[in-house]
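Undergrad: Got protein.pdb for you, PDB, C-alpha atoms and all ligand atoms:
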```pdb
MODEL        1
ATOM      1  CA  MET A   1       7.391 -26.067 -12.221
ATOM      2  CA  ASP A   2       3.687 -26.321 -12.817
ATOM      3  CA  ALA A   3       0.630 -24.180 -12.235
ATOM      4  CA  GLY A   4      -0.268 -26.103  -9.089
ATOM      5  CA  ASP A   5       2.900 -25.106  -7.213
ATOM      6  CA  LEU A   6       2.211 -23.704  -3.780
ATOM      7  CA  VAL A   7       3.056 -20.006  -3.470
ATOM      8  CA  ILE A   8       2.407 -17.448  -0.732
ATOM      9  CA  GLY A   9       2.209 -13.664  -0.955
ATOM     10  CA  VAL A  10       3.036 -11.612   2.142
ATOM     11  CA  ASP A  11       2.344  -8.006   3.093
ATOM     12  CA  MET A  12       4.712  -7.117   5.919
ATOM     13  CA  GLY A  13       3.516  -3.817   7.345
ATOM     14  CA  GLY A  14       4.751  -1.789  10.290
ATOM     15  CA  THR A  15       2.013  -3.198  12.545
ATOM     16  CA  LYS A  16       0.840  -6.465  10.994
ATOM     17  CA  VAL A  17       1.907  -9.212   8.627
ATOM     18  CA  LEU A  18      -0.744 -10.570   6.250
ATOM     19  CA  ALA A  19      -0.040 -13.702   4.220
ATOM     20  CA  ALA A  20      -2.098 -15.717   1.744
ATOM     21  CA  ALA A  21      -1.583 -18.899  -0.256
ATOM     22  CA  VAL A  22      -3.106 -18.178  -3.644
ATOM     23  CA  ASP A  23      -3.883 -20.634  -6.453
ATOM     24  CA  ALA A  24      -3.065 -20.049 -10.117
ATOM     25  CA  GLU A  25      -6.498 -18.481 -10.721
ATOM     26  CA  GLY A  26      -6.062 -15.923  -7.943
ATOM     27  CA  ARG A  27      -8.218 -17.662  -5.348
ATOM     28  CA  ILE A  28      -7.031 -17.451  -1.744
ATOM     29  CA  ALA A  29      -6.631 -21.027  -0.483
ATOM     30  CA  ALA A  30      -5.482 -20.146   3.047
ATOM     31  CA  GLN A  31      -4.508 -16.987   4.867
ATOM     32  CA  GLY A  32      -3.390 -15.642   8.212
ATOM     33  CA  ARG A  33      -2.048 -12.631  10.059
ATOM     34  CA  ILE A  34       0.260 -11.860  12.978
ATOM     35  CA  PRO A  35       1.431  -8.609  14.585
ATOM     36  CA  THR A  36       4.791  -7.499  13.150
ATOM     37  CA  GLN A  37       6.417  -6.484  16.460
ATOM     38  CA  ALA A  38       9.364  -5.156  14.451
ATOM     39  CA  GLN A  39      10.909  -3.746  17.627
ATOM     40  CA  ASN A  40      11.847  -7.340  18.626
ATOM     41  CA  GLY A  41      14.365  -7.368  15.776
ATOM     42  CA  PRO A  42      14.633  -9.269  12.499
ATOM     43  CA  ILE A  43      15.495 -12.683  14.007
ATOM     44  CA  ASP A  44      12.298 -12.780  16.067
ATOM     45  CA  VAL A  45      10.152 -11.471  13.199
ATOM     46  CA  VAL A  46      11.624 -13.995  10.757
ATOM     47  CA  ALA A  47      10.915 -16.866  13.187
ATOM     48  CA  ARG A  48       7.277 -15.846  13.605
ATOM     49  CA  VAL A  49       6.743 -15.128   9.886
ATOM     50  CA  ALA A  50       8.224 -18.566   9.085
ATOM     51  CA  ARG A  51       5.758 -20.163  11.515
ATOM     52  CA  LEU A  52       2.853 -18.298   9.919
ATOM     53  CA  LEU A  53       3.952 -19.374   6.434
ATOM     54  CA  THR A  54       4.338 -23.004   7.529
ATOM     55  CA  GLU A  55       0.798 -23.011   8.988
ATOM     56  CA  ILE A  56      -0.667 -21.460   5.852
ATOM     57  CA  ALA A  57       1.269 -23.875   3.621
ATOM     58  CA  GLU A  58      -0.081 -26.814   5.627
ATOM     59  CA  GLN A  59      -3.648 -25.548   5.274
ATOM     60  CA  ALA A  60      -3.089 -25.151   1.544
ATOM     61  CA  GLY A  61      -1.711 -28.630   0.906
ATOM     62  CA  ALA A  62       1.834 -29.031   2.253
ATOM     63  CA  PRO A  63       3.662 -31.400   2.747
ATOM     64  CA  ASN A  64       2.243 -33.119  -0.346
ATOM     65  CA  ARG A  65       2.726 -29.841  -2.169
ATOM     66  CA  PRO A  66       5.835 -28.172  -0.716
ATOM     67  CA  LEU A  67       6.019 -24.392  -0.619
ATOM     68  CA  ALA A  68       7.708 -23.388  -3.893
ATOM     69  CA  ALA A  69       7.989 -19.602  -3.553
ATOM     70  CA  VAL A  70       7.162 -16.682  -1.283
ATOM     71  CA  ALA A  71       7.067 -13.009  -2.263
ATOM     72  CA  ILE A  72       7.204 -10.491   0.566
ATOM     73  CA  GLY A  73       6.243  -6.838   0.364
ATOM     74  CA  VAL A  74       8.250  -4.681   2.767
ATOM     75  CA  PRO A  75       7.497  -1.017   3.564
ATOM     76  CA  GLY A  76      10.849   0.288   2.403
ATOM     77  CA  GLN A  77      13.756  -0.268   0.049
ATOM     78  CA  VAL A  78      14.796  -3.792  -0.818
ATOM     79  CA  ASP A  79      17.515  -5.357  -2.944
ATOM     80  CA  ASP A  80      15.857  -8.474  -4.276
ATOM     81  CA  ALA A  81      18.942  -9.775  -6.092
ATOM     82  CA  ALA A  82      20.913  -9.666  -2.822
ATOM     83  CA  GLY A  83      17.925 -10.766  -0.700
ATOM     84  CA  LEU A  84      18.290  -7.671   1.504
ATOM     85  CA  VAL A  85      15.880  -5.298   3.198
ATOM     86  CA  ARG A  86      17.995  -2.177   2.732
ATOM     87  CA  HIS A  87      16.066   0.338   4.769
ATOM     88  CA  ALA A  88      12.543   0.368   6.191
ATOM     89  CA  PRO A  89      11.522   3.433   8.255
ATOM     90  CA  ASN A  90       8.472   1.637   9.712
ATOM     91  CA  LEU A  91      10.571  -1.337  10.855
ATOM     92  CA  PRO A  92      12.942   0.218  13.412
ATOM     93  CA  GLY A  93      16.519  -1.032  13.189
ATOM     94  CA  TRP A  94      16.010  -2.866   9.914
ATOM     95  CA  THR A  95      19.007  -1.843   7.825
ATOM     96  CA  ASP A  96      20.672  -4.252   5.379
ATOM     97  CA  VAL A  97      18.880  -7.283   6.832
ATOM     98  CA  PRO A  98      19.520 -10.521   4.840
ATOM     99  CA  PHE A  99      15.825 -11.308   5.073
ATOM    100  CA  ALA A 100      15.605 -13.826   2.217
ATOM    101  CA  GLU A 101      18.433 -15.992   3.567
ATOM    102  CA  LEU A 102      17.149 -15.866   7.163
ATOM    103  CA  LEU A 103      13.660 -16.869   6.061
ATOM    104  CA  ARG A 104      14.846 -19.663   3.755
ATOM    105  CA  ALA A 105      16.919 -21.112   6.587
ATOM    106  CA  ARG A 106      13.833 -21.178   8.829
ATOM    107  CA  LEU A 107      11.464 -22.567   6.224
ATOM    108  CA  GLY A 108      13.619 -25.482   5.066
ATOM    109  CA  GLY A 109      12.911 -27.049   1.686
ATOM    110  CA  GLU A 110      14.578 -24.078  -0.023
ATOM    111  CA  PRO A 111      11.566 -22.185  -1.308
ATOM    112  CA  ARG A 112      12.338 -19.219  -3.488
ATOM    113  CA  VAL A 113      12.047 -15.932  -1.527
ATOM    114  CA  VAL A 114      11.300 -12.766  -3.502
ATOM    115  CA  LEU A 115      11.470  -9.307  -1.907
ATOM    116  CA  ASP A 116       9.711  -6.203  -3.163
ATOM    117  CA  ASN A 117       8.196  -2.992  -1.922
ATOM    118  CA  ASP A 118       4.736  -3.448  -0.319
ATOM    119  CA  VAL A 119       3.119  -0.818  -2.529
ATOM    120  CA  ASN A 120       4.493  -2.491  -5.666
ATOM    121  CA  LEU A 121       2.872  -5.766  -4.628
ATOM    122  CA  ALA A 122      -0.434  -4.008  -3.909
ATOM    123  CA  ILE A 123      -0.562  -2.344  -7.334
ATOM    124  CA  LEU A 124       0.407  -5.651  -8.971
ATOM    125  CA  GLY A 125      -2.443  -7.378  -7.127
ATOM    126  CA  GLU A 126      -4.965  -4.782  -8.295
ATOM    127  CA  HIS A 127      -3.565  -4.936 -11.801
ATOM    128  CA  VAL A 128      -3.774  -8.700 -12.150
ATOM    129  CA  TYR A 129      -6.818  -9.552 -10.019
ATOM    130  CA  GLY A 130      -8.556  -6.305  -9.070
ATOM    131  CA  VAL A 131      -9.855  -3.040 -10.475
ATOM    132  CA  GLY A 132      -6.979  -2.722 -12.975
ATOM    133  CA  ARG A 133      -7.498  -6.026 -14.791
ATOM    134  CA  GLY A 134      -6.808  -5.776 -18.484
ATOM    135  CA  LEU A 135      -5.407  -2.235 -18.299
ATOM    136  CA  ARG A 136      -1.997  -1.248 -19.675
ATOM    137  CA  SER A 137      -1.276   1.781 -17.479
ATOM    138  CA  MET A 138      -2.397   2.554 -13.959
ATOM    139  CA  ILE A 139      -1.142   4.468 -10.936
ATOM    140  CA  GLY A 140      -1.674   3.562  -7.284
ATOM    141  CA  VAL A 141      -1.713   6.316  -4.666
ATOM    142  CA  TYR A 142      -1.575   4.849  -1.146
ATOM    143  CA  VAL A 143      -2.469   7.195   1.692
ATOM    144  CA  GLY A 144      -1.391   5.911   5.107
ATOM    145  CA  THR A 145       1.290   6.865   7.635
ATOM    146  CA  GLY A 146       3.042   8.269   4.580
ATOM    147  CA  ILE A 147       1.988   8.432   0.931
ATOM    148  CA  GLY A 148       3.335   5.725  -1.361
ATOM    149  CA  GLY A 149       2.926   5.099  -5.035
ATOM    150  CA  GLY A 150       3.026   2.271  -7.511
ATOM    151  CA  LEU A 151       3.246   2.696 -11.272
ATOM    152  CA  ILE A 152       2.291   0.219 -13.961
ATOM    153  CA  LEU A 153       3.143   1.727 -17.315
ATOM    154  CA  ASP A 154       2.662  -0.040 -20.629
ATOM    155  CA  GLY A 155       2.038  -3.319 -18.854
ATOM    156  CA  GLN A 156       5.205  -3.169 -16.735
ATOM    157  CA  LEU A 157       5.786  -2.374 -13.102
ATOM    158  CA  TYR A 158       7.875   0.789 -13.407
ATOM    159  CA  GLU A 159      10.585   1.117 -10.766
ATOM    160  CA  GLY A 160      12.843   3.721 -12.367
ATOM    161  CA  ALA A 161      16.382   3.652 -13.718
ATOM    162  CA  HIS A 162      17.799   3.053 -10.197
ATOM    163  CA  ALA A 163      14.813   1.210  -8.670
ATOM    164  CA  ALA A 164      13.980   4.383  -6.741
ATOM    165  CA  GLY A 165      10.957   5.545  -8.747
ATOM    166  CA  GLY A 166       7.369   5.844  -7.582
ATOM    167  CA  GLU A 167       8.141   8.053  -4.563
ATOM    168  CA  ILE A 168       5.080  10.143  -5.312
ATOM    169  CA  GLY A 169       4.668  11.061  -1.622
ATOM    170  CA  HIS A 170       7.559  13.468  -2.037
ATOM    171  CA  THR A 171       5.963  15.434  -4.827
ATOM    172  CA  VAL A 172       6.262  19.037  -3.618
ATOM    173  CA  LEU A 173       2.922  20.851  -3.661
ATOM    174  CA  GLU A 174       3.719  23.770  -1.289
ATOM    175  CA  HIS A 175       7.395  24.661  -1.377
ATOM    176  CA  LYS A 176       7.111  26.598   1.883
ATOM    177  CA  GLY A 177       4.772  24.048   3.414
ATOM    178  CA  PRO A 178       5.223  21.848   6.500
ATOM    179  CA  THR A 179       8.429  19.859   7.012
ATOM    180  CA  CYS A 180       8.401  16.333   5.639
ATOM    181  CA  ARG A 181      10.147  13.314   7.179
ATOM    182  CA  CYS A 182      12.371  13.283   4.061
ATOM    183  CA  GLY A 183      13.833  16.595   5.226
ATOM    184  CA  GLY A 184      12.088  18.635   2.539
ATOM    185  CA  ARG A 185       9.066  20.909   2.851
ATOM    186  CA  GLY A 186       5.557  20.799   1.484
ATOM    187  CA  CYS A 187       5.674  17.266   0.058
ATOM    188  CA  VAL A 188       2.182  15.830  -0.388
ATOM    189  CA  GLU A 189       3.036  13.341   2.364
ATOM    190  CA  ALA A 190       3.561  16.261   4.776
ATOM    191  CA  LEU A 191       0.212  17.738   3.697
ATOM    192  CA  ALA A 192      -2.168  14.813   3.267
ATOM    193  CA  SER A 193      -0.910  11.600   4.922
ATOM    194  CA  ARG A 194      -2.653  10.285   8.033
ATOM    195  CA  THR A 195       0.344  11.589  10.019
ATOM    196  CA  ALA A 196      -0.161  15.091   8.540
ATOM    197  CA  MET A 197      -3.898  14.915   9.264
ATOM    198  CA  GLU A 198      -3.195  13.999  12.885
ATOM    199  CA  ARG A 199      -0.782  16.945  13.216
ATOM    200  CA  ASP A 200      -3.432  19.311  11.791
ATOM    201  CA  VAL A 201      -6.211  17.930  14.009
ATOM    202  CA  ARG A 202      -4.021  18.354  17.100
ATOM    203  CA  ALA A 203      -3.111  21.926  16.067
ATOM    204  CA  LEU A 204      -6.759  22.931  15.598
ATOM    205  CA  ILE A 205      -7.720  21.408  18.947
ATOM    206  CA  ALA A 206      -4.798  23.217  20.614
ATOM    207  CA  ALA A 207      -6.074  26.447  19.034
ATOM    208  CA  GLY A 208      -9.418  25.939  20.775
ATOM    209  CA  HIS A 209     -11.538  24.169  18.152
ATOM    210  CA  LYS A 210     -13.938  21.586  19.501
ATOM    211  CA  SER A 211     -13.307  17.990  18.477
ATOM    212  CA  ASP A 212     -13.702  14.514  19.953
ATOM    213  CA  VAL A 213     -10.757  12.983  18.056
ATOM    214  CA  LEU A 214      -8.379  12.980  21.052
ATOM    215  CA  LYS A 215     -11.115  11.412  23.193
ATOM    216  CA  LEU A 216     -11.605   8.695  20.576
ATOM    217  CA  MET A 217      -7.859   7.996  20.589
ATOM    218  CA  GLU A 218      -7.931   7.711  24.369
ATOM    219  CA  LYS A 219     -10.983   5.470  24.316
ATOM    220  CA  HIS A 220      -9.310   3.110  21.825
ATOM    221  CA  ASP A 221      -6.011   3.286  23.723
ATOM    222  CA  SER A 222      -4.316   4.470  20.541
ATOM    223  CA  PRO A 223      -1.391   6.917  20.612
ATOM    224  CA  HIS A 224      -2.127   7.781  16.971
ATOM    225  CA  MET A 225      -5.083   8.755  14.849
ATOM    226  CA  THR A 226      -5.688   5.434  13.090
ATOM    227  CA  SER A 227      -7.825   4.986   9.969
ATOM    228  CA  SER A 228     -10.618   3.600  12.109
ATOM    229  CA  ILE A 229     -10.562   6.713  14.341
ATOM    230  CA  VAL A 230     -10.670   9.011  11.278
ATOM    231  CA  HIS A 231     -13.588   6.963   9.951
ATOM    232  CA  ARG A 232     -15.459   7.146  13.281
ATOM    233  CA  ALA A 233     -14.878  10.912  13.684
ATOM    234  CA  LEU A 234     -16.086  11.613  10.143
ATOM    235  CA  ARG A 235     -19.173   9.474  10.701
ATOM    236  CA  ASP A 236     -19.884  11.316  13.970
ATOM    237  CA  GLY A 237     -19.762  14.648  12.104
ATOM    238  CA  ASP A 238     -16.651  15.945  13.908
ATOM    239  CA  LYS A 239     -16.137  19.377  12.319
ATOM    240  CA  VAL A 240     -12.359  19.519  12.832
ATOM    241  CA  MET A 241     -11.933  16.049  11.326
ATOM    242  CA  HIS A 242     -14.077  16.998   8.338
ATOM    243  CA  GLN A 243     -12.114  20.196   7.759
ATOM    244  CA  VAL A 244      -8.728  18.454   7.983
ATOM    245  CA  PHE A 245      -9.842  15.508   5.858
ATOM    246  CA  ARG A 246     -11.153  17.761   3.100
ATOM    247  CA  HIS A 247      -7.881  19.698   3.105
ATOM    248  CA  ALA A 248      -5.997  16.384   2.679
ATOM    249  CA  GLN A 249      -8.355  15.255  -0.102
ATOM    250  CA  LYS A 250      -7.574  18.473  -1.974
ATOM    251  CA  TYR A 251      -3.837  17.797  -1.915
ATOM    252  CA  VAL A 252      -4.263  14.153  -2.956
ATOM    253  CA  GLY A 253      -6.449  15.458  -5.803
ATOM    254  CA  LEU A 254      -3.692  17.844  -6.895
ATOM    255  CA  LEU A 255      -1.180  14.992  -6.745
ATOM    256  CA  CYS A 256      -3.463  12.853  -8.943
ATOM    257  CA  ALA A 257      -3.774  15.700 -11.470
ATOM    258  CA  ASN A 258       0.017  16.105 -11.628
ATOM    259  CA  LEU A 259       0.495  12.367 -12.139
ATOM    260  CA  VAL A 260      -2.225  12.191 -14.785
ATOM    261  CA  ASN A 261      -0.846  15.197 -16.664
ATOM    262  CA  THR A 262       2.611  13.605 -16.677
ATOM    263  CA  LEU A 263       1.817   9.932 -17.302
ATOM    264  CA  ASP A 264      -1.631   9.772 -18.951
ATOM    265  CA  PRO A 265      -2.702   6.466 -17.321
ATOM    266  CA  GLN A 266      -6.043   4.698 -17.799
ATOM    267  CA  LEU A 267      -6.780   4.580 -14.096
ATOM    268  CA  VAL A 268      -5.673   6.047 -10.772
ATOM    269  CA  LEU A 269      -6.318   3.856  -7.764
ATOM    270  CA  ILE A 270      -6.564   5.317  -4.257
ATOM    271  CA  GLY A 271      -5.512   2.778  -1.609
ATOM    272  CA  GLY A 272      -4.361   2.553   2.010
ATOM    273  CA  GLY A 273      -6.288   2.089   5.246
ATOM    274  CA  LEU A 274      -8.463   5.195   4.833
ATOM    275  CA  ALA A 275      -9.497   4.355   1.260
ATOM    276  CA  GLU A 276     -10.224   0.769   2.332
ATOM    277  CA  ARG A 277     -12.682   2.019   4.934
ATOM    278  CA  LEU A 278     -14.136   5.082   3.218
ATOM    279  CA  GLY A 279     -14.075   4.061  -0.452
ATOM    280  CA  GLU A 280     -16.013   6.472  -2.622
ATOM    281  CA  ASP A 281     -16.576   8.811   0.361
ATOM    282  CA  MET A 282     -12.848   9.489   0.242
ATOM    283  CA  VAL A 283     -12.341   9.413  -3.500
ATOM    284  CA  ALA A 284     -15.236  11.664  -4.634
ATOM    285  CA  HIS A 285     -13.631  14.974  -3.605
ATOM    286  CA  ILE A 286     -10.147  13.823  -4.684
ATOM    287  CA  ARG A 287     -11.592  13.143  -8.140
ATOM    288  CA  GLU A 288     -13.379  16.497  -8.216
ATOM    289  CA  VAL A 289     -10.152  18.410  -7.468
ATOM    290  CA  ALA A 290      -8.104  16.276  -9.865
ATOM    291  CA  TYR A 291     -10.574  16.783 -12.720
ATOM    292  CA  GLU A 292     -10.377  20.567 -12.254
ATOM    293  CA  HIS A 293      -6.620  20.367 -12.829
ATOM    294  CA  PHE A 294      -6.436  17.937 -15.736
ATOM    295  CA  PHE A 295      -4.608  19.486 -18.656
ATOM    296  CA  SER A 296      -6.563  17.564 -21.281
ATOM    297  CA  PRO A 297     -10.342  18.130 -21.194
ATOM    298  CA  GLU A 298     -10.747  14.651 -22.702
ATOM    299  CA  ALA A 299      -9.009  13.112 -19.689
ATOM    300  CA  ARG A 300     -12.150  13.533 -17.581
ATOM    301  CA  LYS A 301     -13.954  11.076 -19.819
ATOM    302  CA  GLN A 302     -10.998   8.754 -20.250
ATOM    303  CA  ILE A 303      -9.333   8.459 -16.872
ATOM    304  CA  ARG A 304     -11.008   6.861 -13.885
ATOM    305  CA  ILE A 305     -10.058   7.630 -10.283
ATOM    306  CA  VAL A 306     -11.332   4.839  -8.034
ATOM    307  CA  PRO A 307     -10.856   3.343  -4.562
ATOM    308  CA  THR A 308      -9.013   0.068  -4.013
ATOM    309  CA  GLN A 309     -11.029  -3.028  -4.837
ATOM    310  CA  LEU A 310      -8.953  -5.743  -3.165
ATOM    311  CA  LYS A 311      -8.195  -3.687  -0.039
ATOM    312  CA  ALA A 312      -5.869  -5.551   2.375
ATOM    313  CA  ASP A 313      -5.730  -8.603   0.074
ATOM    314  CA  ALA A 314      -4.089  -6.611  -2.748
ATOM    315  CA  ALA A 315      -0.441  -7.018  -1.660
ATOM    316  CA  PRO A 316      -0.657 -10.734  -0.695
ATOM    317  CA  LEU A 317      -2.403 -11.438  -4.043
ATOM    318  CA  GLY A 318       0.175  -9.385  -5.955
ATOM    319  CA  GLY A 319       2.955 -11.147  -4.045
ATOM    320  CA  ALA A 320       1.600 -14.574  -4.882
ATOM    321  CA  TRP A 321       1.331 -13.607  -8.544
ATOM    322  CA  LEU A 322       4.924 -12.330  -8.544
ATOM    323  CA  ALA A 323       6.148 -15.478  -6.780
ATOM    324  CA  ARG A 324       4.451 -17.649  -9.409
ATOM    325  CA  GLN A 325       5.828 -15.497 -12.196
ATOM    326  CA  ARG A 326       9.373 -15.849 -10.802
ATOM    327  CA  LEU A 327       8.929 -19.602 -10.924
ATOM    328  CA  GLY A 328       8.470 -19.193 -14.652
ATOM    329  CA  TYR A 329       4.737 -19.658 -14.835
ATOM    330  CA  LYS A 330       2.494 -16.996 -16.376
ATOM    331  CA  PRO A 331      -1.081 -17.097 -15.092
ATOM    332  CA  GLU A 332      -3.835 -17.258 -17.657
ATOM    333  CA  LEU A 333      -6.175 -14.889 -15.842
ATOM    334  CA  GLY A 334      -5.703 -11.187 -15.359
ATOM    335  CA  ALA A 335      -3.361  -9.177 -17.501
ATOM    336  CA  PRO A 336       0.048 -10.823 -17.329
ATOM    337  CA  LEU A 337       2.978  -8.454 -17.460
ATOM    338  CA  HIS A 338       5.360  -8.929 -20.349
TER
HETATM  339 ZN    ZN A 401       9.083  14.507   1.550
ENDMDL
END
```
Could you render the structure from this file as structure tokens?
TA:
Amino acid sequence: MDAGDLVIGVDMGGTKVLAAAVDAEGRIAAQGRIPTQAQNGPIDVVARVARLLTEIAEQAGAPNRPLAAVAIGVPGQVDDAAGLVRHAPNLPGWTDVPFAELLRARLGGEPRVVLDNDVNLAILGEHVYGVGRGLRSMIGVYVGTGIGGGLILDGQLYEGAHAAGGEIGHTVLEHKGPTCRCGGRGCVEALASRTAMERDVRALIAAGHKSDVLKLMEKHDSPHMTSSIVHRALRDGDKVMHQVFRHAQKYVGLLCANLVNTLDPQLVLIGGGLAERLGEDMVAHIREVAYEHFFSPEARKQIRIVPTQLKADAAPLGGAWLARQRLGYKPELGAPLH
């Protein structure tokens, strides 16, 4: 093993797969993306992901430098030791899929395949190469279809006693609130995710409020209110969108305050498609609400709440770092975990 080994980090989302070959200093040497098309089943997805990885590896120096390791972030529960994707709600039909073995068989050359949660890889990426460099404790709050979280505490990725920690989306903020996909009620995910925002926008329109959001969805041939549609509607001054978005920001702010009061981190990072597009325009009101609910008055001076820096590159970069770490090499840059 040496620092020059070729590694690739992969973010496998519900709609697209992003992959990047990253050198030991955190520079992206080659990258690519394909649609996930999870509905075609794991065998098809594995074949196409393997092709993508082979192309990227070739651009980055294979076959002279064979691919040594790949780390893949999956939107769900994985068992890395067993090489399994246990359960992934955004990848229909993916239950107990032996993803690592399938991929290794396709790739040849026996590269190491590491599986983790996509949000864990994103927070790792930001911690090592992004806005969290040099910090000991930081929290990632990812607002998308759901709300996911990643925790780095005392320089370690914290996954809980049973690897089930970090499910911050199911923090209950309104115990009689709307039903959540987890079966509970009033989780922050059911109040402030993009899915919750879409539900609220549709309800206001159905109640007679004027909004162009449904027209935008039609125009972009999108069955759902994507981040880009939210962005466009906000920019166009759509009153319903503004009202719903502000409501969601409030709940994410309350979530941040609860997390800060419990964990006392140095930084809270807001990520996901909306934060990638809106940046400070999204975070400003979240911060305002959070600051109002901090227990310690000092925390306002000490704890930063900021948007993602690495955006869509965060998980591939974090994955590549993890892959290199699993090979036994600790990068010199960033803040290596201990
Ligand atoms: Zn829930």
Undergrad: Within 8 Å of ligand ZN 401 (chain A) (counting only C-alpha atoms and all ligand atoms), which residues show up? I'd like them as a PyMOL selection string.
TA: chain A and resi 169-172+179-190
Undergrad: Translate the PyMOL selection byres (((chain A and resi 268) around 6) and not hetatm) into a concrete residue list for this structure, as a VMD selection string.
TA: chain A and resid 138 to 140 267 269 305
Undergrad: Skip Lys250 of chain A itself and residues of its chain fewer than 4 positions away, then list as a list in words all residues within 7 Å of it, counting only C-alpha atoms.
TA: Arg246, Leu254, Ile286 and Val289 of chain A
Undergrad: Which residues, named as in the file, does the PyMOL selection byres (((chain A and resi 35-48) around 6) and not hetatm) pick out? Answer as a JSON list (two decimals) with C-alpha atoms, in the frame of the given file.
TA:
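In the end it all went to part-v3.json:
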```json
[["chain", "number", "residue", "atom", "x", "y", "z"],
["A", 15, "THR", "CA", 2.01, -3.20, 12.54],
["A", 16, "LYS", "CA", 0.84, -6.46, 10.99],
["A", 17, "VAL", "CA", 1.91, -9.21, 8.63],
["A", 34, "ILE", "CA", 0.26, -11.86, 12.98],
["A", 49, "VAL", "CA", 6.74, -15.13, 9.89],
["A", 50, "ALA", "CA", 8.22, -18.57, 9.09],
["A", 51, "ARG", "CA", 5.76, -20.16, 11.52],
["A", 91, "LEU", "CA", 10.57, -1.34, 10.86],
["A", 103, "LEU", "CA", 13.66, -16.87, 6.06]]
```
Undergrad: When you draw a straight line from atom CA of Leu18 of chain A to atom CA of Ala69 of chain A, how long is it in Å?
TA: 15.9 Å
Undergrad: If we count all atoms listed in the file and set the cut-off at 8 Å, which residues sit around segment 233-243 of chain A, ignoring sequence neighbours fewer than 3 positions away in its own chain? Please answer as number ranges by chain.
TA: A: 201, 204-205, 209-213, 216, 229-230, 246-247
Undergrad: Would you mind telling me which residue in A:Val260, A:Ala206, A:Ala30, A:Ala314 lies nearest to Arg300 of chain A when using all atoms listed in the file?
TA: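 With all atoms listed in the file as the atom set, the closest residue is A:Val260.
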Undergrad: Write segment 30-42 of chain A as a PDB file, keeping the file's coordinate frame, completed to N, CA and C atoms.
TA:
```
ATOM      1  N   ALA A  30      -5.661 -20.223   1.594  1.00  0.00           N
ATOM      2  CA  ALA A  30      -5.482 -20.146   3.047  1.00  0.00           C
ATOM      3  C   ALA A  30      -4.814 -18.828   3.357  1.00  0.00           C
ATOM      4  N   GLN A  31      -5.150 -18.256   4.515  1.00  0.00           N
ATOM      5  CA  GLN A  31      -4.508 -16.987   4.867  1.00  0.00           C
ATOM      6  C   GLN A  31      -4.392 -16.827   6.367  1.00  0.00           C
ATOM      7  N   GLY A  32      -3.552 -15.889   6.790  1.00  0.00           N
ATOM      8  CA  GLY A  32      -3.390 -15.642   8.212  1.00  0.00           C
ATOM      9  C   GLY A  32      -2.703 -14.315   8.449  1.00  0.00           C
ATOM     10  N   ARG A  33      -2.720 -13.884   9.708  1.00  0.00           N
ATOM     11  CA  ARG A  33      -2.048 -12.631  10.059  1.00  0.00           C
ATOM     12  C   ARG A  33      -1.447 -12.721  11.452  1.00  0.00           C
ATOM     13  N   ILE A  34      -0.356 -11.988  11.652  1.00  0.00           N
ATOM     14  CA  ILE A  34       0.260 -11.860  12.978  1.00  0.00           C
ATOM     15  C   ILE A  34       0.696 -10.405  13.157  1.00  0.00           C
ATOM     16  N   PRO A  35       0.852  -9.950  14.405  1.00  0.00           N
ATOM     17  CA  PRO A  35       1.431  -8.609  14.585  1.00  0.00           C
ATOM     18  C   PRO A  35       2.901  -8.621  14.177  1.00  0.00           C
ATOM     19  N   THR A  36       3.396  -7.528  13.616  1.00  0.00           N
ATOM     20  CA  THR A  36       4.791  -7.499  13.150  1.00  0.00           C
ATOM     21  C   THR A  36       5.782  -7.487  14.324  1.00  0.00           C
ATOM     22  N   GLN A  37       5.505  -6.653  15.303  1.00  0.00           N
ATOM     23  CA  GLN A  37       6.417  -6.484  16.460  1.00  0.00           C
ATOM     24  C   GLN A  37       7.865  -6.315  16.000  1.00  0.00           C
ATOM     25  N   ALA A  38       8.040  -5.374  15.059  1.00  0.00           N
ATOM     26  CA  ALA A  38       9.364  -5.156  14.451  1.00  0.00           C
ATOM     27  C   ALA A  38      10.413  -4.775  15.480  1.00  0.00           C
ATOM     28  N   GLN A  39       9.948  -4.186  16.601  1.00  0.00           N
ATOM     29  CA  GLN A  39      10.909  -3.746  17.627  1.00  0.00           C
ATOM     30  C   GLN A  39      11.673  -4.921  18.245  1.00  0.00           C
ATOM     31  N   ASN A  40      11.141  -6.152  18.096  1.00  0.00           N
ATOM     32  CA  ASN A  40      11.847  -7.340  18.626  1.00  0.00           C
ATOM     33  C   ASN A  40      13.056  -7.730  17.781  1.00  0.00           C
ATOM     34  N   GLY A  41      13.198  -7.092  16.631  1.00  0.00           N
ATOM     35  CA  GLY A  41      14.365  -7.368  15.776  1.00  0.00           C
ATOM     36  C   GLY A  41      14.060  -8.412  14.715  1.00  0.00           C
ATOM     37  N   PRO A  42      14.879  -8.395  13.656  1.00  0.00           N
ATOM     38  CA  PRO A  42      14.633  -9.269  12.499  1.00  0.00           C
ATOM     39  C   PRO A  42      14.592 -10.763  12.824  1.00  0.00           C
TER      40      PRO A  42
END
```
